[in-house]
file model-v8.cif (mmCIF, C-alpha atoms)
data_upload
#
loop_
_atom_site.label_atom_id
_atom_site.label_comp_id
_atom_site.auth_asym_id
_atom_site.auth_seq_id
_atom_site.Cartn_x
_atom_site.Cartn_y
_atom_site.Cartn_z
CA MET A 7 4.97 -94.02 -150.65
CA ARG A 8 1.65 -93.15 -149.03
CA LYS A 9 2.62 -95.06 -145.90
CA THR A 10 5.94 -93.17 -145.74
CA LYS A 11 4.16 -89.81 -146.01
CA MET A 12 1.76 -90.81 -143.25
CA MET A 13 4.64 -91.82 -140.96
CA LEU A 14 6.39 -88.50 -141.63
CA ALA A 15 3.20 -86.60 -140.84
CA VAL A 16 2.76 -88.48 -137.56
CA ALA A 17 6.41 -87.86 -136.64
CA ALA A 18 6.13 -84.15 -137.45
CA THR A 19 2.96 -83.87 -135.37
CA THR A 20 4.65 -85.62 -132.43
CA VAL A 21 7.68 -83.34 -132.62
CA PHE A 22 5.46 -80.23 -132.81
CA ALA A 23 3.37 -81.40 -129.86
CA SER A 24 6.52 -82.05 -127.82
CA GLN A 25 7.90 -78.61 -128.62
CA ALA A 26 4.61 -76.92 -127.84
CA ALA A 27 4.48 -78.69 -124.47
CA MET A 28 7.82 -77.09 -123.56
CA ALA A 29 6.59 -73.58 -124.30
CA TYR A 30 5.57 -71.50 -121.30
CA GLN A 31 2.07 -70.34 -122.12
CA ALA A 32 -1.07 -68.84 -120.64
CA GLY A 33 -2.94 -71.33 -118.45
CA ASP A 34 0.16 -73.13 -117.13
CA ILE A 35 0.11 -74.02 -113.43
CA TYR A 36 3.24 -75.03 -111.52
CA VAL A 37 4.42 -76.07 -108.08
CA ARG A 38 7.98 -75.71 -106.82
CA GLY A 39 9.85 -77.16 -103.87
CA SER A 40 13.25 -75.71 -103.04
CA PHE A 41 15.96 -75.39 -100.43
CA GLU A 42 17.33 -71.93 -99.74
CA LYS A 43 19.77 -69.93 -97.64
CA ALA A 44 18.91 -66.43 -96.43
CA ASP A 45 21.69 -63.98 -95.53
CA VAL A 46 20.37 -61.08 -93.46
CA THR A 47 22.14 -57.72 -93.51
CA THR A 48 22.26 -57.33 -89.73
CA ASP A 49 24.69 -59.05 -87.39
CA ASN A 50 21.99 -59.16 -84.71
CA ILE A 51 20.19 -62.15 -86.25
CA SER A 52 21.73 -65.44 -87.37
CA ASP A 53 21.63 -66.68 -90.99
CA GLU A 54 19.70 -69.91 -91.49
CA ASN A 55 18.69 -72.44 -94.16
CA ALA A 56 15.08 -73.42 -94.89
CA PHE A 57 12.70 -75.21 -97.24
CA TYR A 58 10.43 -73.14 -99.47
CA LEU A 59 7.22 -74.11 -101.30
CA SER A 60 5.59 -72.05 -104.02
CA GLY A 61 2.99 -72.30 -106.72
CA GLY A 62 2.12 -70.16 -109.70
CA TYR A 63 -0.26 -69.51 -112.58
CA LEU A 64 0.51 -67.95 -115.97
CA PHE A 65 -2.35 -65.72 -117.12
CA HIS A 66 -0.30 -64.70 -120.20
CA ASP A 67 2.52 -66.40 -122.11
CA LYS A 68 4.99 -64.00 -120.51
CA MET A 69 3.29 -63.05 -117.23
CA GLY A 70 2.19 -64.97 -114.15
CA VAL A 71 1.55 -64.77 -110.41
CA GLU A 72 3.38 -66.76 -107.76
CA LEU A 73 2.66 -67.36 -104.08
CA GLY A 74 5.40 -68.82 -101.90
CA ILE A 75 5.78 -69.65 -98.23
CA GLY A 76 8.95 -70.47 -96.35
CA GLU A 77 9.47 -72.92 -93.55
CA SER A 78 9.22 -71.33 -90.10
CA VAL A 79 12.87 -71.24 -89.05
CA LYS A 80 14.41 -70.53 -85.65
CA HIS A 81 17.00 -67.74 -85.52
CA ASP A 82 19.28 -66.62 -82.72
CA PHE A 83 19.26 -62.89 -82.07
CA PHE A 84 21.72 -60.69 -80.24
CA GLY A 85 21.99 -57.32 -78.53
CA LEU A 86 24.06 -54.37 -79.73
CA ALA A 87 26.99 -55.60 -77.67
CA GLY A 88 26.75 -59.05 -79.21
CA ASN A 89 25.15 -60.58 -76.13
CA ASP A 90 22.72 -63.45 -76.64
CA LEU A 91 19.10 -62.25 -76.29
CA GLY A 92 17.30 -65.45 -77.26
CA THR A 93 15.62 -67.10 -80.24
CA MET A 94 12.67 -66.39 -82.48
CA GLU A 95 11.03 -68.00 -85.51
CA ARG A 96 10.70 -66.21 -88.85
CA MET A 97 8.37 -67.27 -91.68
CA PRO A 98 8.33 -65.39 -95.02
CA VAL A 99 5.37 -65.28 -97.40
CA ASN A 100 5.85 -63.78 -100.88
CA LEU A 101 3.31 -62.79 -103.53
CA LEU A 102 5.00 -61.98 -106.86
CA LEU A 103 4.18 -60.95 -110.39
CA ASN A 104 6.67 -62.76 -112.65
CA TYR A 105 7.80 -61.90 -116.17
CA TYR A 106 9.10 -64.63 -118.54
CA PRO A 107 10.90 -63.02 -121.52
CA LEU A 108 10.97 -66.32 -123.45
CA GLY A 109 7.40 -67.30 -122.62
CA GLY A 110 5.44 -68.61 -125.61
CA ILE A 111 8.56 -69.69 -127.52
CA ASP A 112 8.39 -73.36 -128.52
CA ALA A 113 11.19 -75.66 -127.34
CA ALA A 114 12.79 -73.03 -125.10
CA ARG A 115 14.67 -75.24 -122.65
CA VAL A 116 15.98 -72.29 -120.65
CA GLN A 117 13.31 -70.03 -119.15
CA PRO A 118 14.63 -67.00 -117.23
CA PHE A 119 12.23 -64.99 -115.09
CA VAL A 120 12.13 -61.87 -112.94
CA GLY A 121 9.50 -60.96 -110.38
CA LEU A 122 8.34 -58.13 -108.14
CA GLY A 123 5.79 -58.18 -105.35
CA LEU A 124 4.94 -58.06 -101.65
CA ASN A 125 6.66 -59.81 -98.75
CA TYR A 126 5.03 -60.59 -95.41
CA THR A 127 7.30 -61.82 -92.63
CA ARG A 128 5.78 -63.37 -89.51
CA TYR A 129 7.69 -63.62 -86.23
CA SER A 130 6.67 -66.10 -83.56
CA SER A 131 7.91 -68.28 -80.67
CA ILE A 132 10.08 -65.50 -79.25
CA ASP A 133 12.10 -66.95 -76.37
CA ALA A 134 14.16 -64.27 -74.61
CA VAL A 135 16.92 -65.00 -72.11
CA GLY A 136 17.14 -63.74 -68.54
CA SER A 137 14.87 -60.85 -67.58
CA TYR A 138 14.21 -59.73 -71.16
CA ASP A 139 10.63 -59.56 -72.44
CA ILE A 140 10.81 -59.02 -76.20
CA ASP A 141 8.11 -58.42 -78.80
CA ILE A 142 8.77 -58.31 -82.57
CA ASP A 143 6.15 -56.94 -84.97
CA ASP A 144 5.38 -58.67 -88.26
CA SER A 145 6.73 -56.93 -91.36
CA TYR A 146 5.44 -55.97 -94.81
CA GLY A 147 7.71 -54.86 -97.63
CA VAL A 148 8.74 -55.12 -101.28
CA VAL A 149 10.28 -58.34 -102.64
CA GLY A 150 12.07 -58.97 -105.94
CA GLN A 151 13.52 -62.09 -107.51
CA ALA A 152 15.40 -63.33 -110.57
CA GLY A 153 15.85 -66.93 -111.61
CA VAL A 154 15.89 -69.53 -114.34
CA ASP A 155 14.13 -72.80 -115.09
CA LEU A 156 16.21 -75.45 -116.90
CA THR A 157 14.01 -78.04 -118.65
CA ILE A 158 14.58 -81.67 -117.66
CA THR A 159 11.37 -83.09 -119.20
CA ASP A 160 8.27 -81.49 -120.71
CA ASN A 161 6.87 -80.95 -117.21
CA LEU A 162 9.87 -80.96 -114.87
CA SER A 163 12.52 -78.26 -114.52
CA ALA A 164 15.48 -77.54 -112.27
CA THR A 165 15.17 -74.03 -110.87
CA GLY A 166 17.69 -71.61 -109.40
CA TYR A 167 16.89 -68.14 -108.10
CA ALA A 168 17.96 -65.19 -105.99
CA ARG A 169 15.49 -63.11 -104.01
CA TRP A 170 15.71 -59.88 -102.01
CA ALA A 171 13.10 -58.62 -99.56
CA ASP A 172 12.69 -55.35 -97.70
CA VAL A 173 12.18 -56.60 -94.14
CA GLU A 174 12.33 -54.23 -91.19
CA ALA A 175 11.53 -55.59 -87.74
CA ASP A 176 10.12 -53.28 -85.05
CA ILE A 177 11.25 -54.50 -81.63
CA ASP A 178 10.02 -53.61 -78.13
CA TRP A 179 11.73 -54.91 -75.01
CA LYS A 180 11.37 -54.74 -71.26
CA THR A 181 13.73 -55.67 -68.46
CA ASN A 182 13.79 -55.28 -64.71
CA THR A 183 15.62 -52.00 -65.15
CA GLY A 184 13.62 -50.41 -67.96
CA SER A 185 12.20 -50.70 -71.46
CA GLY A 186 12.92 -49.55 -74.98
CA SER A 187 12.16 -49.98 -78.65
CA GLY A 188 13.96 -49.95 -81.98
CA THR A 189 14.08 -51.37 -85.48
CA THR A 190 16.32 -53.90 -87.17
CA LYS A 191 16.60 -54.15 -90.95
CA LEU A 192 16.98 -57.75 -92.05
CA ASP A 193 16.69 -57.23 -95.86
CA PRO A 194 17.53 -60.90 -96.53
CA VAL A 195 19.24 -61.94 -99.75
CA THR A 196 18.07 -65.49 -100.42
CA ILE A 197 19.69 -67.99 -102.79
CA GLY A 198 17.66 -71.09 -103.59
CA ALA A 199 17.50 -74.15 -105.82
CA GLY A 200 14.81 -76.75 -106.38
CA LEU A 201 12.50 -78.58 -108.75
CA THR A 202 9.49 -77.15 -110.57
CA TYR A 203 6.63 -79.30 -111.91
CA ARG A 204 4.42 -77.68 -114.54
CA PHE A 205 0.89 -78.90 -115.34
#

call {"tool": "encode", "arguments": {"input": "model-v8.cif", "output": "structure tokens"}}
result
Amino acid sequence: MRKTKMMLAVAATTVFASQAAMAYQAGDIYVRGSFEKADVTTDNISDENAFYLSGGYLFHDKMGVELGIGESVKHDFFGLAGNDLGTMERMPVNLLLNYYPLGGIDAARVQPFVGLGLNYTRYSSIDAVGSYDIDIDDSYGVVGQAGVDLTITDNLSATGYARWADVEADIDWKTNTGSGSGTTKLDPVTIGAGLTYRF
């Protein structure tokens, strides 16, 4: 009888420990690798796919910070008449404050989250066609996201998310016949999916 009680106590402790490990809680650190597609709102820049890497830290059961950086991806860009102007590379960096409504709940296998923060978009390797000389300024703006982690194991989750960023590119150009400037709002809506490993 005593042996049976001891076995039940050990089993209960194991189950509790397993459930506690699945709870999102203060002190958790995670890394995430994902593949995403960004659809920009302007027809002057092509939509592209990219890899995205992020990491985060929960300083509260329901709150955490996340820093993510996207792969530098080459886009085609076009003039107002649809003419090809060249290519450029765009790399987004996002710093977010995330909220986990189910954080701290034991054995929660579905963990939704929403986040709000700052986006920095860097433009580089601008290769203009013909006589065009084009310069694109880097951009700062607001970024928001919503997603969900689906538990696979105590430490590994499948993650899906949608993200929107306020990205406005200031553009200056020169040609043999003159120069000009303007702005293009990209405001990309990004859909992504990947794997998250939590320490």

call {"tool": "closest_residue", "arguments": {"input": "model-v8.cif", "among": "A:Phe57, A:Tyr63, A:Trp170, A:Tyr138", "to": "Leu91 in chain A", "atoms": "only C-alpha atoms"}}
result
A:Tyr138

call {"tool": "closest_residue", "arguments": {"input": "model-v8.cif", "among": "A:Gly109, A:Pro98, A:Gly136, A:Gly184", "to": "Asp172 in chain A", "atoms": "all atoms listed in the file"}}
result
A:Pro98

call {"tool": "closest_residue", "arguments": {"input": "model-v8.cif", "among": "A:Ile140, A:Leu156, A:Val149, A:Ala164", "to": "Asp178 in chain A", "atoms": "only C-alpha atoms"}}
result
A:Ile140

call {"tool": "closest_residue", "arguments": {"input": "model-v8.cif", "among": "A:Glu77, A:Glu174, A:Glu72, A:Asp67", "to": "Glu42 in chain A", "atoms": "all atoms listed in the file"}}
result
A:Glu77

call {"tool": "resolve_selection", "arguments": {"input": "model-v8.cif", "expression": "the PyMOL selection byres ((chain A and resi 128) around 10)", "output": "list in words"}}
result
Ser78, Glu95, Arg96, Met97, Pro98, Val99, Asn125, Tyr126, Thr127, Tyr129, Ser130, Ile142, Asp143, Asp144, Ser145, Tyr146 and Ala175 of chain A

call {"tool": "write_last_selection", "arguments": {"input": "model-v8.cif", "atoms": "C-alpha atoms", "output": "PDB file, in the coordinates of the input"}}
result
ATOM      1  CA  SER A  78       9.220 -71.330 -90.100  1.00  0.00           C
ATOM      2  CA  GLU A  95      11.030 -68.000 -85.510  1.00  0.00           C
ATOM      3  CA  ARG A  96      10.700 -66.210 -88.850  1.00  0.00           C
ATOM      4  CA  MET A  97       8.370 -67.270 -91.680  1.00  0.00           C
ATOM      5  CA  PRO A  98       8.330 -65.390 -95.020  1.00  0.00           C
ATOM      6  CA  VAL A  99       5.370 -65.280 -97.400  1.00  0.00           C
ATOM      7  CA  ASN A 125       6.660 -59.810 -98.750  1.00  0.00           C
ATOM      8  CA  TYR A 126       5.030 -60.590 -95.410  1.00  0.00           C
ATOM      9  CA  THR A 127       7.300 -61.820 -92.630  1.00  0.00           C
ATOM     10  CA  TYR A 129       7.690 -63.620 -86.230  1.00  0.00           C
ATOM     11  CA  SER A 130       6.670 -66.100 -83.560  1.00  0.00           C
ATOM     12  CA  ILE A 142       8.770 -58.310 -82.570  1.00  0.00           C
ATOM     13  CA  ASP A 143       6.150 -56.940 -84.970  1.00  0.00           C
ATOM     14  CA  ASP A 144       5.380 -58.670 -88.260  1.00  0.00           C
ATOM     15  CA  SER A 145       6.730 -56.930 -91.360  1.00  0.00           C
ATOM     16  CA  TYR A 146       5.440 -55.970 -94.810  1.00  0.00           C
ATOM     17  CA  ALA A 175      11.530 -55.590 -87.740  1.00  0.00           C
TER      18      ALA A 175
END

call {"tool": "atom_distance", "arguments": {"input": "model-v8.cif", "atom1": "CA of His66 in chain A", "atom2": "CA of Gly33 in chain A"}}
result
7.3 Å

call {"tool": "build_atoms", "arguments": {"input": "model-v8.cif", "residues": "range 69-101 of chain A", "atoms": "N, CA and C atoms", "output": "PDB file, in the frame of the given file"}}
result
ATOM      1  N   MET A  69       3.582 -63.615-118.547  1.00  0.00           N
ATOM      2  CA  MET A  69       3.290 -63.050-117.230  1.00  0.00           C
ATOM      3  C   MET A  69       2.547 -64.071-116.365  1.00  0.00           C
ATOM      4  N   GLY A  70       2.873 -64.068-115.066  1.00  0.00           N
ATOM      5  CA  GLY A  70       2.190 -64.970-114.150  1.00  0.00           C
ATOM      6  C   GLY A  70       2.309 -64.486-112.715  1.00  0.00           C
ATOM      7  N   VAL A  71       1.505 -65.079-111.842  1.00  0.00           N
ATOM      8  CA  VAL A  71       1.550 -64.770-110.410  1.00  0.00           C
ATOM      9  C   VAL A  71       2.099 -65.972-109.665  1.00  0.00           C
ATOM     10  N   GLU A  72       2.781 -65.699-108.564  1.00  0.00           N
ATOM     11  CA  GLU A  72       3.380 -66.760-107.760  1.00  0.00           C
ATOM     12  C   GLU A  72       3.191 -66.454-106.284  1.00  0.00           C
ATOM     13  N   LEU A  73       2.787 -67.469-105.529  1.00  0.00           N
ATOM     14  CA  LEU A  73       2.660 -67.360-104.080  1.00  0.00           C
ATOM     15  C   LEU A  73       3.582 -68.379-103.446  1.00  0.00           C
ATOM     16  N   GLY A  74       4.449 -67.920-102.542  1.00  0.00           N
ATOM     17  CA  GLY A  74       5.400 -68.820-101.900  1.00  0.00           C
ATOM     18  C   GLY A  74       5.414 -68.626-100.396  1.00  0.00           C
ATOM     19  N   ILE A  75       5.693 -69.702 -99.683  1.00  0.00           N
ATOM     20  CA  ILE A  75       5.780 -69.650 -98.230  1.00  0.00           C
ATOM     21  C   ILE A  75       6.999 -70.430 -97.767  1.00  0.00           C
ATOM     22  N   GLY A  76       7.751 -69.833 -96.859  1.00  0.00           N
ATOM     23  CA  GLY A  76       8.950 -70.470 -96.350  1.00  0.00           C
ATOM     24  C   GLY A  76       8.680 -71.230 -95.068  1.00  0.00           C
ATOM     25  N   GLU A  77       9.534 -72.184 -94.805  1.00  0.00           N
ATOM     26  CA  GLU A  77       9.470 -72.920 -93.550  1.00  0.00           C
ATOM     27  C   GLU A  77       9.720 -71.962 -92.383  1.00  0.00           C
ATOM     28  N   SER A  78       8.986 -72.140 -91.293  1.00  0.00           N
ATOM     29  CA  SER A  78       9.220 -71.330 -90.100  1.00  0.00           C
ATOM     30  C   SER A  78      10.525 -71.779 -89.457  1.00  0.00           C
ATOM     31  N   VAL A  79      11.516 -70.885 -89.454  1.00  0.00           N
ATOM     32  CA  VAL A  79      12.870 -71.240 -89.050  1.00  0.00           C
ATOM     33  C   VAL A  79      13.281 -70.471 -87.795  1.00  0.00           C
ATOM     34  N   LYS A  80      13.958 -71.163 -86.887  1.00  0.00           N
ATOM     35  CA  LYS A  80      14.410 -70.530 -85.650  1.00  0.00           C
ATOM     36  C   LYS A  80      15.736 -69.814 -85.869  1.00  0.00           C
ATOM     37  N   HIS A  81      15.793 -68.556 -85.450  1.00  0.00           N
ATOM     38  CA  HIS A  81      17.000 -67.740 -85.520  1.00  0.00           C
ATOM     39  C   HIS A  81      17.445 -67.357 -84.108  1.00  0.00           C
ATOM     40  N   ASP A  82      18.742 -67.247 -83.924  1.00  0.00           N
ATOM     41  CA  ASP A  82      19.280 -66.620 -82.720  1.00  0.00           C
ATOM     42  C   ASP A  82      19.342 -65.118 -82.958  1.00  0.00           C
ATOM     43  N   PHE A  83      19.072 -64.326 -81.918  1.00  0.00           N
ATOM     44  CA  PHE A  83      19.260 -62.890 -82.070  1.00  0.00           C
ATOM     45  C   PHE A  83      20.032 -62.331 -80.894  1.00  0.00           C
ATOM     46  N   PHE A  84      20.720 -61.211 -81.156  1.00  0.00           N
ATOM     47  CA  PHE A  84      21.720 -60.690 -80.240  1.00  0.00           C
ATOM     48  C   PHE A  84      21.504 -59.203 -79.979  1.00  0.00           C
ATOM     49  N   GLY A  85      22.042 -58.732 -78.857  1.00  0.00           N
ATOM     50  CA  GLY A  85      21.990 -57.320 -78.530  1.00  0.00           C
ATOM     51  C   GLY A  85      23.067 -56.542 -79.260  1.00  0.00           C
ATOM     52  N   LEU A  86      23.077 -55.225 -79.064  1.00  0.00           N
ATOM     53  CA  LEU A  86      24.060 -54.370 -79.730  1.00  0.00           C
ATOM     54  C   LEU A  86      25.480 -54.713 -79.340  1.00  0.00           C
ATOM     55  N   ALA A  87      25.658 -55.224 -78.134  1.00  0.00           N
ATOM     56  CA  ALA A  87      26.990 -55.600 -77.670  1.00  0.00           C
ATOM     57  C   ALA A  87      27.367 -57.029 -78.044  1.00  0.00           C
ATOM     58  N   GLY A  88      26.484 -57.681 -78.811  1.00  0.00           N
ATOM     59  CA  GLY A  88      26.750 -59.050 -79.210  1.00  0.00           C
ATOM     60  C   GLY A  88      26.285 -60.086 -78.209  1.00  0.00           C
ATOM     61  N   ASN A  89      25.628 -59.640 -77.147  1.00  0.00           N
ATOM     62  CA  ASN A  89      25.150 -60.580 -76.130  1.00  0.00           C
ATOM     63  C   ASN A  89      23.922 -61.330 -76.637  1.00  0.00           C
ATOM     64  N   ASP A  90      23.817 -62.576 -76.212  1.00  0.00           N
ATOM     65  CA  ASP A  90      22.720 -63.450 -76.640  1.00  0.00           C
ATOM     66  C   ASP A  90      21.418 -62.993 -75.991  1.00  0.00           C
ATOM     67  N   LEU A  91      20.399 -62.685 -76.825  1.00  0.00           N
ATOM     68  CA  LEU A  91      19.100 -62.250 -76.290  1.00  0.00           C
ATOM     69  C   LEU A  91      18.038 -63.332 -76.374  1.00  0.00           C
ATOM     70  N   GLY A  92      18.276 -64.370 -77.175  1.00  0.00           N
ATOM     71  CA  GLY A  92      17.300 -65.450 -77.260  1.00  0.00           C
ATOM     72  C   GLY A  92      17.117 -65.954 -78.671  1.00  0.00           C
ATOM     73  N   THR A  93      15.947 -66.543 -78.923  1.00  0.00           N
ATOM     74  CA  THR A  93      15.620 -67.100 -80.240  1.00  0.00           C
ATOM     75  C   THR A  93      14.224 -66.651 -80.648  1.00  0.00           C
ATOM     76  N   MET A  94      14.002 -66.684 -81.941  1.00  0.00           N
ATOM     77  CA  MET A  94      12.670 -66.390 -82.480  1.00  0.00           C
ATOM     78  C   MET A  94      12.526 -67.124 -83.808  1.00  0.00           C
ATOM     79  N   GLU A  95      11.291 -67.338 -84.242  1.00  0.00           N
ATOM     80  CA  GLU A  95      11.030 -68.000 -85.510  1.00  0.00           C
ATOM     81  C   GLU A  95      10.546 -66.982 -86.528  1.00  0.00           C
ATOM     82  N   ARG A  96      11.045 -67.133 -87.758  1.00  0.00           N
ATOM     83  CA  ARG A  96      10.700 -66.210 -88.850  1.00  0.00           C
ATOM     84  C   ARG A  96      10.141 -67.021 -90.015  1.00  0.00           C
ATOM     85  N   MET A  97       8.997 -66.596 -90.542  1.00  0.00           N
ATOM     86  CA  MET A  97       8.370 -67.270 -91.680  1.00  0.00           C
ATOM     87  C   MET A  97       8.012 -66.249 -92.755  1.00  0.00           C
ATOM     88  N   PRO A  98       8.642 -66.341 -93.939  1.00  0.00           N
ATOM     89  CA  PRO A  98       8.330 -65.390 -95.020  1.00  0.00           C
ATOM     90  C   PRO A  98       7.213 -65.907 -95.930  1.00  0.00           C
ATOM     91  N   VAL A  99       6.388 -64.994 -96.393  1.00  0.00           N
ATOM     92  CA  VAL A  99       5.370 -65.280 -97.400  1.00  0.00           C
ATOM     93  C   VAL A  99       5.530 -64.240 -98.511  1.00  0.00           C
ATOM     94  N   ASN A 100       5.603 -64.692 -99.766  1.00  0.00           N
ATOM     95  CA  ASN A 100       5.850 -63.780-100.880  1.00  0.00           C
ATOM     96  C   ASN A 100       4.778 -63.938-101.959  1.00  0.00           C
ATOM     97  N   LEU A 101       4.232 -62.822-102.403  1.00  0.00           N
ATOM     98  CA  LEU A 101       3.310 -62.790-103.530  1.00  0.00           C
ATOM     99  C   LEU A 101       3.973 -61.973-104.635  1.00  0.00           C
TER     100      LEU A 101
END
